[in-house]
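> This is the structure I have questions about; it appears just below.
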Amino acid sequence: SIPVSGDFVLDASLPAFIAPNDAFEVSLNLRNQLKGSGKEAKIRVSLELGPELSTEGPHVLSQIVPEEKEATYRFKLKAKEVLGVAPLS
């Protein structure tokens with residue numbers, strides 16, 4: 001994984017390989033570095049999938065991430081029968 005920094009530092013964890021019909025979890029660690037966001041900053045994260053994947057739960061998650069603190073978002077996904085590279089954003 002490659003951390004990306006700015007107002008938010010993001011670090012995703014996902015499997016390198018999956019097979020059709022595999023169920024798996026993608027986690028996203030987010031550090032809130034947005035100056036002035038305060039102790040009650042509600043951060044919403046959404047996941048967009050290619051046709052190779054489907055969600056087994058919500059694709060939009062929100063939680064309180066205080067300024068200079070971290071939180072983990074977890075998405076449950078399932079691989080479809082479509083083969084190929086599965087884009088996530």
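Here's how to read the names in the structure tokens: chain A, B, ... by the order shown, residue numbers from 1 in each chain, ligand numbers from 1 in the order shown.
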Please, which residues of chain A, numbered as in this document, come out strand (DSSP E) from DSSP, as a VMD selection string?
chain A and resid 8 to 13 23 to 32 42 to 46 53 to 55 60 to 64 70 to 79
> Which residues are near Val85 in chain A? Cut-off 10 Å, only C-alpha atoms, ignore same chain within fewer than 4 positions. Put them as an MDAnalysis selection string.
chainID A and resid 17 50:52
> Mind checking which residues fall within 6 Å of range 22-36 of chain A, counting only C-alpha atoms, ignoring those fewer than 5 positions away in the same chain, and posting them as number ranges by chain?
A: 7-14, 67-79
> By how many Å are CA of Lys39 in chain A and CA of Val60 in chain A apart?
21.5 Å
> Find the residues around Leu47 in chain A up to 8 Å (only C-alpha atoms counted), leave out those fewer than 2 positions away in its own chain, and share them as a list in words.
Val45, Leu49, His59, Val60, Leu88 and Ser89 of chain A
> Pick the closest to Ala19 in chain A from A:Thr55, A:Gly6, A:Ala86, A:Gln63: which is it, counting only C-alpha atoms?
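Closest to Ala19 in chain A, using only C-alpha atoms: A:Ala86.
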> Any idea what the distance is between CA of Glu48 in chain A and CA of Asn21 in chain A?
18.5 Å
